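coords-v6.txt follows (compact mmCIF, C-alpha atoms):
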# COMPACT_ATOMS: atom_id res chain seq x y z
CA MET X 17 98.76 94.40 123.25
CA ALA X 18 96.74 93.68 120.08
CA PHE X 19 99.43 91.20 119.04
CA ASP X 20 99.34 89.51 122.43
CA THR X 21 95.55 89.25 122.38
CA GLY X 22 95.68 87.70 118.91
CA LEU X 23 98.38 85.28 120.03
CA VAL X 24 96.36 84.23 123.09
CA LEU X 25 93.30 83.60 120.89
CA LEU X 26 95.42 81.50 118.51
CA VAL X 27 96.92 79.46 121.37
CA LEU X 28 93.47 78.84 122.84
CA GLY X 29 92.04 77.98 119.42
CA VAL X 30 94.75 75.41 118.73
CA ALA X 31 94.39 74.01 122.27
CA VAL X 32 90.64 73.54 121.73
CA TRP X 33 91.43 71.81 118.42
CA THR X 34 93.76 69.28 120.05
CA ILE X 35 90.95 68.39 122.47
CA VAL X 36 87.98 68.26 120.06
CA ALA X 37 89.63 66.88 116.90
CA ARG X 38 88.17 63.45 116.03
CA ASP X 39 91.35 62.10 114.51
CA THR X 40 94.26 61.59 116.93
CA PHE X 41 96.83 62.34 114.22
CA ALA X 42 95.14 65.69 113.54
CA ALA X 43 95.08 66.39 117.28
CA VAL X 44 98.82 65.74 117.50
CA VAL X 45 99.46 68.10 114.58
CA GLY X 46 97.44 70.65 116.55
CA PHE X 47 99.67 70.00 119.56
CA VAL X 48 102.83 70.69 117.53
CA ALA X 49 101.32 74.02 116.45
CA TYR X 50 100.38 74.66 120.10
CA GLY X 51 104.01 74.19 121.13
CA LEU X 52 105.31 76.51 118.42
CA LEU X 53 102.78 79.21 119.35
CA LEU X 54 103.75 78.83 123.02
CA ALA X 55 107.36 79.38 121.95
CA LEU X 56 106.23 82.75 120.53
CA VAL X 57 104.48 83.47 123.84
CA TRP X 58 107.77 82.78 125.65
CA VAL X 59 109.48 85.35 123.45
CA ARG X 60 106.78 87.84 124.38
CA LEU X 61 107.41 87.02 128.05
CA ALA X 62 111.10 87.89 127.57
CA ALA X 63 112.22 84.28 128.04
CA PRO X 64 114.11 83.37 124.83
CA ASP X 65 115.88 80.43 126.53
CA VAL X 66 112.53 78.86 127.36
CA ALA X 67 111.22 79.69 123.88
CA LEU X 68 114.06 77.64 122.34
CA THR X 69 113.41 74.75 124.70
CA GLU X 70 109.64 74.84 124.11
CA ALA X 71 110.06 74.84 120.32
CA ALA X 72 112.67 72.08 120.39
CA ILE X 73 111.37 69.72 123.08
CA GLY X 74 107.78 70.75 123.86
CA SER X 75 106.78 70.97 120.23
CA GLY X 76 109.43 69.20 118.14
CA VAL X 77 110.63 66.06 119.89
CA THR X 78 107.36 65.46 121.76
CA GLY X 79 105.56 65.96 118.43
CA VAL X 80 107.68 63.30 116.69
CA LEU X 81 107.07 60.88 119.56
CA LEU X 82 103.30 61.40 119.56
CA LEU X 83 102.99 61.37 115.76
CA GLY X 84 104.80 58.04 115.67
CA ALA X 85 102.58 56.62 118.41
CA SER X 86 99.38 57.83 116.76
CA THR X 87 100.37 56.17 113.48
CA ARG X 88 101.05 52.86 115.22
CA LEU X 89 97.78 53.04 117.15
CA ARG X 90 95.72 54.14 114.14
CA ARG X 91 93.64 50.97 113.89
CA THR X 92 92.55 51.20 117.51
CA GLU X 93 91.07 54.61 116.71
CA THR X 94 87.50 53.42 116.09
CA SER X 95 87.33 50.90 118.93
CA GLY X 96 87.28 53.62 121.55
CA ALA X 97 84.02 55.09 120.26
CA GLY X 98 81.83 53.01 122.56
CA GLU X 99 83.73 54.18 125.61
CA LYS X 100 82.93 57.84 125.16
CA PRO X 101 81.39 59.16 128.38
CA GLY X 102 77.75 60.26 128.36
CA ILE X 103 76.55 63.83 128.11
CA THR X 104 75.98 64.09 131.88
CA LEU X 105 79.54 63.13 132.70
CA ARG X 106 80.88 65.47 130.04
CA LEU X 107 78.83 68.35 131.42
CA ALA X 108 80.01 67.59 134.95
CA ALA X 109 83.64 67.40 133.74
CA GLY X 110 83.17 70.69 131.86
CA MET X 111 81.88 72.40 134.98
CA LEU X 112 84.68 71.01 137.13
CA CYS X 113 87.30 72.18 134.64
CA ALA X 114 85.69 75.63 134.36
CA LEU X 115 85.91 75.80 138.15
CA VAL X 116 89.60 74.85 138.09
CA SER X 117 90.27 77.47 135.40
CA ALA X 118 88.40 80.09 137.41
CA GLY X 119 90.46 79.16 140.47
CA VAL X 120 93.76 79.55 138.61
CA ALA X 121 92.52 82.81 137.04
CA ALA X 122 91.60 84.13 140.50
CA ILE X 123 95.14 83.39 141.69
CA VAL X 124 96.57 85.16 138.63
CA LEU X 125 94.45 88.23 139.32
CA LYS X 126 95.51 88.25 142.97
CA PHE X 127 99.28 87.99 142.39
CA PRO X 128 101.10 89.97 145.10
CA GLU X 129 102.40 93.48 144.37
CA PRO X 130 105.31 94.06 144.10
CA ALA X 131 106.05 90.69 142.50
CA PRO X 132 108.52 88.52 144.42
CA THR X 133 111.70 87.99 142.43
CA LEU X 134 115.15 86.46 142.71
CA ALA X 135 116.49 88.53 139.80
CA PRO X 136 118.54 90.89 142.05
CA GLN X 137 120.22 87.96 143.82
CA THR X 138 121.00 86.34 140.47
CA ALA X 139 122.44 89.60 139.15
CA ALA X 140 124.51 90.11 142.31
CA ASN X 141 126.18 86.71 142.06
CA ILE X 142 126.43 86.11 138.32
CA VAL X 143 129.97 87.51 138.10
CA ALA X 144 131.23 84.69 140.32
CA THR X 145 130.05 82.07 137.79
CA GLY X 146 131.83 83.72 134.86
CA LEU X 147 128.64 83.33 132.79
CA GLY X 148 126.70 86.02 130.96
CA ASN X 149 123.36 84.26 130.63
CA PRO X 150 121.43 84.37 133.93
CA VAL X 151 119.29 81.34 133.04
CA THR X 152 122.39 79.21 132.40
CA ALA X 153 123.84 80.51 135.67
CA VAL X 154 120.73 79.36 137.52
CA LEU X 155 120.74 75.96 135.77
CA MET X 156 124.45 75.28 136.23
CA ALA X 157 125.28 77.05 139.49
CA TYR X 158 122.50 78.15 141.86
CA ARG X 159 120.16 75.30 141.05
CA ALA X 160 122.72 72.84 139.72
CA ILE X 161 121.19 70.08 141.85
CA ASP X 162 117.95 70.31 139.81
CA THR X 163 119.92 69.93 136.61
CA LEU X 164 121.90 67.00 137.99
CA LEU X 165 118.73 65.23 139.08
CA GLU X 166 117.13 65.97 135.74
CA THR X 167 119.88 64.17 133.84
CA VAL X 168 119.24 61.22 136.16
CA VAL X 169 115.48 61.41 135.51
CA LEU X 170 116.16 61.10 131.78
CA LEU X 171 118.21 57.96 132.42
CA LEU X 172 115.51 56.50 134.68
CA ALA X 173 112.88 57.10 132.00
CA LEU X 174 115.14 55.40 129.47
CA VAL X 175 115.68 52.42 131.78
CA GLY X 176 111.89 52.26 132.17
CA ILE X 177 111.36 52.24 128.41
CA TRP X 178 114.08 49.69 127.72
CA SER X 179 112.70 47.35 130.34
CA LEU X 180 109.46 47.16 128.32
CA ALA X 181 111.33 45.14 125.69
CA GLN X 182 110.43 41.49 125.25
CA ASP X 183 113.03 39.06 126.58
CA ARG X 184 114.02 37.70 123.17
CA VAL X 185 115.01 41.14 121.82
CA TRP X 186 116.73 42.39 124.96
CA GLY X 187 119.84 44.37 124.11
CA GLY X 188 118.69 44.68 120.50
CA PHE X 189 117.87 47.53 118.16
CA PRO X 190 115.18 50.00 119.25
CA GLY X 191 112.14 50.57 117.03
CA PRO X 192 111.49 49.35 113.52
CA ARG X 193 114.25 49.58 110.90
CA HIS X 194 113.59 52.44 108.49
CA HIS X 195 114.94 51.97 105.01
CA ALA X 196 116.35 54.95 103.21
CA ASP X 197 114.71 55.84 99.92
CA LEU X 198 117.86 57.16 98.28
CA GLU X 199 115.89 58.86 95.52
CA GLY X 200 113.41 60.38 97.96
CA VAL X 201 113.01 64.02 98.89
CA LEU X 202 112.94 63.23 102.62
CA THR X 203 116.32 61.49 102.45
CA PHE X 204 117.73 64.40 100.48
CA ILE X 205 116.46 66.91 103.04
CA ALA X 206 117.85 64.80 105.87
CA GLN X 207 121.27 64.59 104.20
CA LEU X 208 121.23 68.35 103.75
CA LEU X 209 119.81 69.24 107.16
CA VAL X 210 121.68 66.92 109.52
CA PRO X 211 125.18 68.45 109.13
CA VAL X 212 123.77 71.98 109.36
CA GLY X 213 121.63 70.99 112.35
CA ILE X 214 124.61 69.54 114.19
CA LEU X 215 126.50 72.82 113.71
CA VAL X 216 123.47 74.82 114.89
CA GLY X 217 123.12 72.56 117.93
CA ILE X 218 126.75 73.01 118.94
CA HIS X 219 126.50 76.77 118.35
CA ILE X 220 123.34 77.07 120.49
CA PHE X 221 125.12 75.12 123.22
CA TRP X 222 128.30 77.18 123.11
CA ILE X 223 126.58 80.56 122.94
CA GLY X 224 124.41 79.56 125.93
CA SER X 225 126.98 80.86 128.40
CA VAL X 226 126.44 84.46 127.30
CA ALA X 227 123.25 84.52 125.22
CA PRO X 228 119.96 82.60 124.95
CA GLY X 229 120.77 78.93 124.43
CA GLY X 230 122.49 76.26 126.47
CA GLU X 231 123.07 72.56 126.78
CA PHE X 232 119.39 71.55 126.83
CA GLN X 233 118.51 73.42 123.67
CA GLY X 234 121.70 72.34 121.93
CA ALA X 235 121.22 68.74 123.05
CA THR X 236 117.65 68.70 121.75
CA ILE X 237 118.74 69.94 118.33
CA LEU X 238 121.47 67.28 118.21
CA ALA X 239 118.93 64.65 119.29
CA ALA X 240 116.52 65.87 116.62
CA MET X 241 119.21 65.45 113.96
CA TRP X 242 119.92 61.92 115.14
CA ILE X 243 116.20 61.12 115.15
CA LEU X 244 115.88 62.55 111.62
CA ALA X 245 118.76 60.41 110.42
CA MET X 246 117.15 57.35 112.07
CA ILE X 247 113.61 57.82 110.73
CA THR X 248 114.83 58.49 107.21
CA GLY X 249 116.90 55.30 107.44
CA LEU X 250 120.24 57.01 106.90
CA VAL X 251 121.54 55.36 110.06
CA ASP X 252 120.11 52.59 112.19
CA ALA X 253 119.54 53.03 115.90
CA PRO X 254 122.36 51.38 117.85
CA PRO X 255 121.58 48.21 119.85
CA VAL X 256 120.94 49.30 123.43
CA SER X 257 123.59 46.93 124.77
CA ARG X 258 126.46 48.80 123.03
CA ARG X 259 129.12 49.82 125.53
CA TRP X 260 129.88 53.20 123.87
CA LEU X 261 126.20 54.05 124.02
CA ARG X 262 125.96 53.25 127.72
CA LEU X 263 129.11 55.29 128.39
CA MET X 264 127.73 58.24 126.42
CA LEU X 265 124.51 58.11 128.43
CA LEU X 266 126.35 57.93 131.75
CA ALA X 267 129.12 60.44 131.02
CA GLY X 268 127.03 63.55 131.75
CA PRO X 269 125.57 62.58 135.13
CA ALA X 270 128.87 60.93 136.16
CA VAL X 271 131.04 63.99 135.45
CA PHE X 272 128.39 66.24 137.01
CA LEU X 273 128.30 64.12 140.17
CA ALA X 274 132.11 63.84 140.34
CA ILE X 275 132.61 67.63 140.13
CA GLY X 276 129.72 68.07 142.56
CA LEU X 277 131.42 65.79 145.08
CA ALA X 278 134.78 67.46 144.45
CA GLY X 279 133.03 70.63 145.64
CA PHE X 280 133.22 69.20 149.17
CA ALA X 281 137.01 69.09 148.97
CA MET X 282 137.45 72.40 147.14
CA THR X 283 134.94 74.66 148.89
CA GLY X 284 133.24 72.51 151.50
CA ALA X 285 129.85 72.22 149.80
CA PHE X 286 128.22 69.87 147.28
CA LEU X 287 128.15 71.33 143.75
CA ALA X 288 129.96 74.50 144.84
CA TYR X 289 132.60 75.70 142.39
CA PRO X 290 135.69 77.64 143.57
CA ALA X 291 135.27 81.11 142.03
CA PRO X 292 138.34 81.34 139.74
CA TYR X 293 137.55 77.96 138.11
CA ALA X 294 133.75 78.28 138.05
CA LYS X 295 133.36 78.77 134.32
CA LEU X 296 135.94 76.12 133.45
CA LEU X 297 134.19 73.59 135.68
CA ILE X 298 130.76 74.53 134.35
CA VAL X 299 131.87 73.98 130.75
CA THR X 300 133.57 70.72 131.76
CA ILE X 301 130.20 69.57 133.10
CA GLU X 302 128.16 70.94 130.23
CA VAL X 303 129.92 69.15 127.37
CA PRO X 304 129.32 65.55 128.56
CA VAL X 305 125.90 66.54 129.94
CA MET X 306 124.89 67.81 126.52
CA LEU X 307 126.02 64.58 124.83
CA SER X 308 124.22 62.46 127.43
CA ILE X 309 121.00 64.47 127.14
CA ALA X 310 121.12 64.33 123.34
CA ALA X 311 121.60 60.55 123.38
CA ALA X 312 118.89 60.05 126.01
CA LEU X 313 116.35 62.21 124.17
CA ALA X 314 116.93 60.44 120.85
CA LEU X 315 116.71 56.99 122.46
CA LEU X 316 113.56 57.94 124.38
CA VAL X 317 111.95 58.66 121.01
CA ALA X 318 113.38 55.49 119.45
CA GLY X 319 111.61 53.38 122.09
CA PRO X 320 112.31 49.94 123.54
CA PRO X 321 114.38 47.34 121.65
CA GLU X 322 112.26 45.53 119.05
CA ARG X 323 114.82 43.64 116.97
CA ARG X 324 117.37 41.06 118.06
CA PRO X 325 120.99 42.19 118.28
CA GLN X 326 123.24 40.72 115.58
CA ARG X 327 125.62 38.06 116.71
CA MET O 27 95.33 94.72 132.17
CA SER O 28 99.03 94.02 131.71
CA THR O 29 100.42 91.67 129.06
CA ALA O 30 101.66 89.27 131.74
CA MET O 31 98.16 89.16 133.25
CA LEU O 32 96.66 88.36 129.83
CA TYR O 33 98.98 85.37 129.44
CA GLY O 34 98.24 84.38 133.04
CA LEU O 35 94.53 84.14 132.22
CA CYS O 36 95.42 82.22 129.05
CA SER O 37 97.32 79.68 131.15
CA ALA O 38 94.30 79.30 133.45
CA VAL O 39 92.08 78.43 130.48
CA LEU O 40 94.70 76.01 129.10
CA VAL O 41 94.84 74.11 132.40
CA GLY O 42 91.04 73.75 132.40
CA LEU O 43 90.94 72.68 128.73
CA GLY O 44 93.63 70.07 129.22
CA LEU O 45 91.94 68.71 132.33
CA PHE O 46 88.68 68.39 130.37
CA GLY O 47 90.42 66.42 127.62
CA LEU O 48 92.10 64.22 130.22
CA ILE O 49 88.73 63.31 131.77
CA VAL O 50 86.48 62.87 128.74
CA HIS O 51 88.78 61.21 126.17
CA PRO O 52 88.66 57.42 126.44
CA GLN O 53 91.80 56.87 124.32
CA PRO O 54 95.02 56.82 126.38
CA LEU O 55 97.02 58.67 123.71
CA ARG O 56 94.50 61.52 123.80
CA LYS O 57 94.85 61.59 127.58
CA ILE O 58 98.64 61.88 127.26
CA LEU O 59 98.13 64.70 124.76
CA ALA O 60 95.68 66.48 127.08
CA PHE O 61 98.09 66.08 129.98
CA ASN O 62 100.78 67.81 127.95
CA LEU O 63 98.29 70.60 127.25
CA ILE O 64 97.89 71.08 131.02
CA GLY O 65 101.68 71.08 131.29
CA GLY O 66 101.89 73.89 128.74
CA GLY O 67 99.45 75.92 130.82
CA VAL O 68 101.30 75.33 134.09
CA PHE O 69 104.67 76.24 132.53
CA LEU O 70 103.09 79.38 131.08
CA LEU O 71 101.97 80.36 134.58
CA PHE O 72 105.61 80.08 135.66
CA GLY O 73 106.51 82.30 132.72
CA VAL O 74 104.06 84.93 133.92
CA VAL O 75 105.51 84.79 137.43
CA ALA O 76 109.00 85.15 135.90
CA ARG O 77 107.93 88.09 133.72
CA ARG O 78 106.43 89.90 136.69
CA GLY O 79 109.74 89.46 138.50
CA ALA O 80 111.64 91.41 135.82
CA GLY O 81 114.27 93.79 137.12
CA VAL O 82 117.95 94.71 137.38
CA GLY O 83 118.27 94.56 133.61
CA PHE O 84 116.70 91.09 133.24
CA GLY O 85 113.51 90.71 131.21
CA GLY O 86 112.26 88.19 133.74
CA ASP O 87 113.22 86.37 136.91
CA PRO O 88 115.71 83.73 135.65
CA VAL O 89 114.91 81.24 138.45
CA PRO O 90 111.36 80.28 137.36
CA GLN O 91 112.57 80.36 133.74
CA ALA O 92 115.27 77.81 134.53
CA LEU O 93 112.70 75.70 136.40
CA VAL O 94 110.52 75.64 133.29
CA ILE O 95 113.43 74.46 131.13
CA THR O 96 114.03 71.59 133.58
CA GLY O 97 110.28 70.95 133.68
CA LEU O 98 109.96 70.74 129.90
CA VAL O 99 112.67 68.08 129.70
CA VAL O 100 111.19 66.04 132.55
CA ALA O 101 107.69 66.34 131.02
CA PHE O 102 109.08 64.93 127.79
CA ALA O 103 110.73 62.01 129.62
CA ALA O 104 107.45 61.18 131.37
CA THR O 105 105.53 61.43 128.08
CA ALA O 106 107.99 59.11 126.36
CA LEU O 107 107.62 56.55 129.16
CA ALA O 108 103.81 56.80 129.01
CA VAL O 109 103.81 56.32 125.23
CA ALA O 110 106.14 53.30 125.52
CA LEU O 111 103.83 51.72 128.13
CA LEU O 112 100.85 52.34 125.86
CA LEU O 113 102.54 50.81 122.81
CA ARG O 114 103.55 47.77 124.88
CA LEU O 115 99.92 47.40 126.03
CA PHE O 116 98.84 47.51 122.40
CA GLU O 117 101.47 44.96 121.40
CA GLN O 118 100.41 42.63 124.22
CA THR O 119 96.60 42.88 123.94
CA GLY O 120 96.02 44.18 120.41
CA GLN O 121 94.08 47.13 121.74
CA ALA O 122 94.81 50.42 123.42
CA THR O 123 92.17 50.89 126.05
CA LEU O 124 92.02 51.55 129.77
CA ARG O 125 88.80 49.49 130.22
CA LEU O 126 89.21 47.02 133.06
CA ASP O 127 87.13 44.24 131.45
CA GLY O 128 89.36 44.48 128.37
Output the file's structure in the form of structure tokens.
Amino acid sequence: MAFDTGLVLLVLGVAVWTIVARDTFAAVVGFVAYGLLLALVWVRLAAPDVALTEAAIGSGVTGVLLLGASTRLRRTETSGAGEKPGITLRLAAGMLCALVSAGVAAIVLKFPEPAPTLAPQTAANIVATGLGNPVTAVLMAYRAIDTLLETVVLLLALVGIWSLAQDRVWGGFPGPRHHADLEGVLTFIAQLLVPVGILVGIHIFWIGSVAPGGEFQGATILAAMWILAMITGLVDAPPVSRRWLRLMLLAGPAVFLAIGLAGFAMTGAFLAYPAPYAKLLIVTIEVPVMLSIAAALALLVAGPPERRPQR
Amino acid sequence: MSTAMLYGLCSAVLVGLGLFGLIVHPQPLRKILAFNLIGGGVFLLFGVVARRGAGVGFGGDPVPQALVITGLVVAFAATALAVALLLRLFEQTGQATLRLDG
């Protein structure tokens, strides 16, 4: 309990820092720490799958995205000073937010006893999926429709970002070109880390069927390795009009949808897997889904095309 | 007070803090950051609900846990889109502000 209290104080302290810090870059650094501390909280709440996701996406990839944006927007930093709301408005906002917090806290204190849970139902049906990790079973079987729609959401976000490109660079390379400093420490670390990271990503994905892990966590690690290779200049981001890239992005949702529709023929329901083949089908979906998610995450960070495609 | 309850109260404070940042910060990037802070609080609340639903050998109810994993990915996608819109605004106007008179 002492550990948990200390952890809560740390989380709240870092959260306050991200709000009050004057410098946006410093605030973003605070946010990365916030995500990592939350990952620890998830471990304490017996949710290691979520802890991995939080550390990888909530803290890591979001952190890279926001750090990059704060660097590009650095010179607008001072111009916002005149827009700061007056003390009255800030006090009013503070009171409103305290009220919202109190409301949520009241709900927390009044949670029903015994707590409602779907754990017994998950446990009763997990054998049919052939999986050992209940969270993966929920993601890939009971709530597979959420996961399918999520892969589509990622694509929609990417389409949104790409469509922000100027006409003259359409189909070109995303983001600025980073040049590798072959003597530099960062390049050396990237060369060392990327192969190891790719192995770790695939391992986390594969082990996800029986232990904490899964395609989201694995995909995020793979995406992170790609992003690392791109920002250190080891590889350039591919032009967004490349056919292999489009196919890689579409493979996951397409296979997922195809097997989902095949469920009608096999068992009479969308996204229902016939029991003896459940695990085989789930893995068949997971492999392309992981590749698609990894590509989408990396390209979401890379941003809209900014350089003309080569002819 | 149970551990889950402690984290539940923590999530309540995080939601309030994030909302405060969202309202008072004039810079859009700080608003995006604050919004993600709220997200962290809301997801944590799900975690508390999941933890309370522990049973049959599971440390927590896997359904809300899976929802949070989906939520984290979607939150990232939305953040990336928001950041791209903001950078485009900056590229177009040379400033990053939400003021209507520009």
Next on the checklist: Between CA of Met246 in chain X and CA of Pro192 in chain X, what is the distance in Å, rounded to a tenth?
Outcome noted: 9.9 Å
Item to check | Residue neighbourhood range 28-33 of chain X, 9 Å, only C-alpha atoms, exclusion window fewer than 5 positions, as a list in words | outcome: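 After dropping sequence-adjacent residues, the list is Leu23, Ala42, Ala43, Gly46, Phe47, Ala49, Tyr50 and Leu53 of chain X; Cys36, Val39, Leu40, Leu43, Gly44 and Leu63 of chain O.
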Keeping C-alpha atoms for every residue in the selection just given, could you write it to a file as a PDB file, keeping the file's coordinate frame?
ATOM      1  CA  LEU X  23      98.380  85.280 120.030  1.00  0.00           C
ATOM      2  CA  ALA X  42      95.140  65.690 113.540  1.00  0.00           C
ATOM      3  CA  ALA X  43      95.080  66.390 117.280  1.00  0.00           C
ATOM      4  CA  GLY X  46      97.440  70.650 116.550  1.00  0.00           C
ATOM      5  CA  PHE X  47      99.670  70.000 119.560  1.00  0.00           C
ATOM      6  CA  ALA X  49     101.320  74.020 116.450  1.00  0.00           C
ATOM      7  CA  TYR X  50     100.380  74.660 120.100  1.00  0.00           C
ATOM      8  CA  LEU X  53     102.780  79.210 119.350  1.00  0.00           C
TER       9      LEU X  53
ATOM     10  CA  CYS O  36      95.420  82.220 129.050  1.00  0.00           C
ATOM     11  CA  VAL O  39      92.080  78.430 130.480  1.00  0.00           C
ATOM     12  CA  LEU O  40      94.700  76.010 129.100  1.00  0.00           C
ATOM     13  CA  LEU O  43      90.940  72.680 128.730  1.00  0.00           C
ATOM     14  CA  GLY O  44      93.630  70.070 129.220  1.00  0.00           C
ATOM     15  CA  LEU O  63      98.290  70.600 127.250  1.00  0.00           C
TER      16      LEU O  63
END
Write out as JSON lines a residue-level contact list of chain O versus chain X with cut-off 7 Å: for each qualifying residue the closest pair of atoms and the distance in Å to one decimal, counting only C-alpha atoms, rows sorted by chain and residue number upward.
{"residue": "O:Thr29", "atom": "CA", "partner": "X:Met17", "partner_atom": "CA", "distance": 6.6}
{"residue": "O:Met31", "atom": "CA", "partner": "X:Val124", "partner_atom": "CA", "distance": 6.9}
{"residue": "O:Tyr33", "atom": "CA", "partner": "X:Val24", "partner_atom": "CA", "distance": 7.0}
{"residue": "O:Gly34", "atom": "CA", "partner": "X:Val124", "partner_atom": "CA", "distance": 5.9}
{"residue": "O:Leu35", "atom": "CA", "partner": "X:Ala121", "partner_atom": "CA", "distance": 5.4}
{"residue": "O:Cys36", "atom": "CA", "partner": "X:Val24", "partner_atom": "CA", "distance": 6.4}
{"residue": "O:Ala38", "atom": "CA", "partner": "X:Ser117", "partner_atom": "CA", "distance": 4.8}
{"residue": "O:Val39", "atom": "CA", "partner": "X:Ser117", "partner_atom": "CA", "distance": 5.3}
{"residue": "O:Leu40", "atom": "CA", "partner": "X:Leu28", "partner_atom": "CA", "distance": 7.0}
{"residue": "O:Val41", "atom": "CA", "partner": "X:Ser117", "partner_atom": "CA", "distance": 6.4}
{"residue": "O:Gly42", "atom": "CA", "partner": "X:Cys113", "partner_atom": "CA", "distance": 4.6}
{"residue": "O:Leu43", "atom": "CA", "partner": "X:Cys113", "partner_atom": "CA", "distance": 7.0}
{"residue": "O:Leu45", "atom": "CA", "partner": "X:Cys113", "partner_atom": "CA", "distance": 6.2}
{"residue": "O:Phe46", "atom": "CA", "partner": "X:Cys113", "partner_atom": "CA", "distance": 5.9}
{"residue": "O:Gly47", "atom": "CA", "partner": "X:Ile35", "partner_atom": "CA", "distance": 5.5}
{"residue": "O:Ile49", "atom": "CA", "partner": "X:Ala109", "partner_atom": "CA", "distance": 6.8}
{"residue": "O:Val50", "atom": "CA", "partner": "X:Pro101", "partner_atom": "CA", "distance": 6.3}
{"residue": "O:His51", "atom": "CA", "partner": "X:Lys100", "partner_atom": "CA", "distance": 6.8}
{"residue": "O:Pro52", "atom": "CA", "partner": "X:Lys100", "partner_atom": "CA", "distance": 5.9}
{"residue": "O:Gln53", "atom": "CA", "partner": "X:Gly96", "partner_atom": "CA", "distance": 6.2}
{"residue": "O:Arg56", "atom": "CA", "partner": "X:Thr40", "partner_atom": "CA", "distance": 6.9}
{"residue": "O:Ala60", "atom": "CA", "partner": "X:Ile35", "partner_atom": "CA", "distance": 6.9}
{"residue": "O:Gly73", "atom": "CA", "partner": "X:Leu61", "partner_atom": "CA", "distance": 6.7}
{"residue": "O:Arg77", "atom": "CA", "partner": "X:Leu61", "partner_atom": "CA", "distance": 5.8}
{"residue": "O:Arg78", "atom": "CA", "partner": "X:Ala131", "partner_atom": "CA", "distance": 5.9}
{"residue": "O:Gly79", "atom": "CA", "partner": "X:Thr133", "partner_atom": "CA", "distance": 4.6}
{"residue": "O:Ala80", "atom": "CA", "partner": "X:Ala135", "partner_atom": "CA", "distance": 6.9}
{"residue": "O:Gly81", "atom": "CA", "partner": "X:Ala135", "partner_atom": "CA", "distance": 6.3}
{"residue": "O:Val82", "atom": "CA", "partner": "X:Pro136", "partner_atom": "CA", "distance": 6.1}
{"residue": "O:Gly85", "atom": "CA", "partner": "X:Ala62", "partner_atom": "CA", "distance": 5.2}
{"residue": "O:Gly86", "atom": "CA", "partner": "X:Ala62", "partner_atom": "CA", "distance": 6.3}
{"residue": "O:Asp87", "atom": "CA", "partner": "X:Ala135", "partner_atom": "CA", "distance": 4.9}
{"residue": "O:Pro88", "atom": "CA", "partner": "X:Val151", "partner_atom": "CA", "distance": 5.0}
{"residue": "O:Val89", "atom": "CA", "partner": "X:Val154", "partner_atom": "CA", "distance": 6.2}
{"residue": "O:Gln91", "atom": "CA", "partner": "X:Val66", "partner_atom": "CA", "distance": 6.6}
{"residue": "O:Ala92", "atom": "CA", "partner": "X:Val151", "partner_atom": "CA", "distance": 5.6}
{"residue": "O:Ile95", "atom": "CA", "partner": "X:Val66", "partner_atom": "CA", "distance": 5.9}
{"residue": "O:Thr96", "atom": "CA", "partner": "X:Glu166", "partner_atom": "CA", "distance": 6.8}
{"residue": "O:Leu98", "atom": "CA", "partner": "X:Gly74", "partner_atom": "CA", "distance": 6.4}
{"residue": "O:Val99", "atom": "CA", "partner": "X:Ile73", "partner_atom": "CA", "distance": 6.9}
{"residue": "O:Val100", "atom": "CA", "partner": "X:Glu166", "partner_atom": "CA", "distance": 6.7}
{"residue": "O:Phe102", "atom": "CA", "partner": "X:Thr78", "partner_atom": "CA", "distance": 6.3}
{"residue": "O:Ala103", "atom": "CA", "partner": "X:Ala173", "partner_atom": "CA", "distance": 5.9}
{"residue": "O:Ala104", "atom": "CA", "partner": "X:Ala173", "partner_atom": "CA", "distance": 6.8}
{"residue": "O:Ala106", "atom": "CA", "partner": "X:Leu316", "partner_atom": "CA", "distance": 6.0}
{"residue": "O:Leu107", "atom": "CA", "partner": "X:Ile177", "partner_atom": "CA", "distance": 5.8}
{"residue": "O:Val109", "atom": "CA", "partner": "X:Ala85", "partner_atom": "CA", "distance": 6.9}
{"residue": "O:Ala110", "atom": "CA", "partner": "X:Ile177", "partner_atom": "CA", "distance": 6.1}
{"residue": "O:Arg114", "atom": "CA", "partner": "X:Leu180", "partner_atom": "CA", "distance": 6.9}
{"residue": "O:Gln121", "atom": "CA", "partner": "X:Thr92", "partner_atom": "CA", "distance": 6.1}
{"residue": "O:Ala122", "atom": "CA", "partner": "X:Thr92", "partner_atom": "CA", "distance": 6.4}
Checklist entry - How would you write as number ranges by chain the residues that get within 10 Å of (113.0, 55.2, 105.2) in the file's frame, counting all atoms listed in the file? => result X: 193-198, 200, 202-203, 245-251
Checklist entry - Any idea what's packed within 7 Å of Ile58 in chain O, counting only C-alpha atoms, ignoring anything in its chain fewer than 4 positions away? Could you give it as a list of chain:residue names? => result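 Final neighbour list, sorted by chain and number: O:Pro54, O:Asn62, O:Thr105.
Rounded to one decimal, CA of Arg125 in chain O and CA of Thr87 in chain X lie 21.4 Å from each other.
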Next on the checklist: Rounded to one decimal, what separation in Å do you get between CA of Gln207 in chain X and CA of Leu52 in chain X?
Outcome noted: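 CA of Gln207 in chain X sits 24.5 Å away from CA of Leu52 in chain X.
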Checklist entry - Counting only C-alpha atoms, what is within 7 Å of Ala310 in chain X, bar same-chain residues fewer than 4 positions away, as a VMD selection string? => result chain X and resid 235 to 236 238 to 239 306 314
Next on the checklist: Calculated over all atoms listed in the file, which of the candidates O:Val68, O:Val94, O:Thr123, O:Leu48 has the smallest distance to Leu111 in chain O?
Outcome noted: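 Going through O:Val68, O:Val94, O:Thr123, O:Leu48 one by one, the smallest distance to Leu111 in chain O is for O:Thr123.
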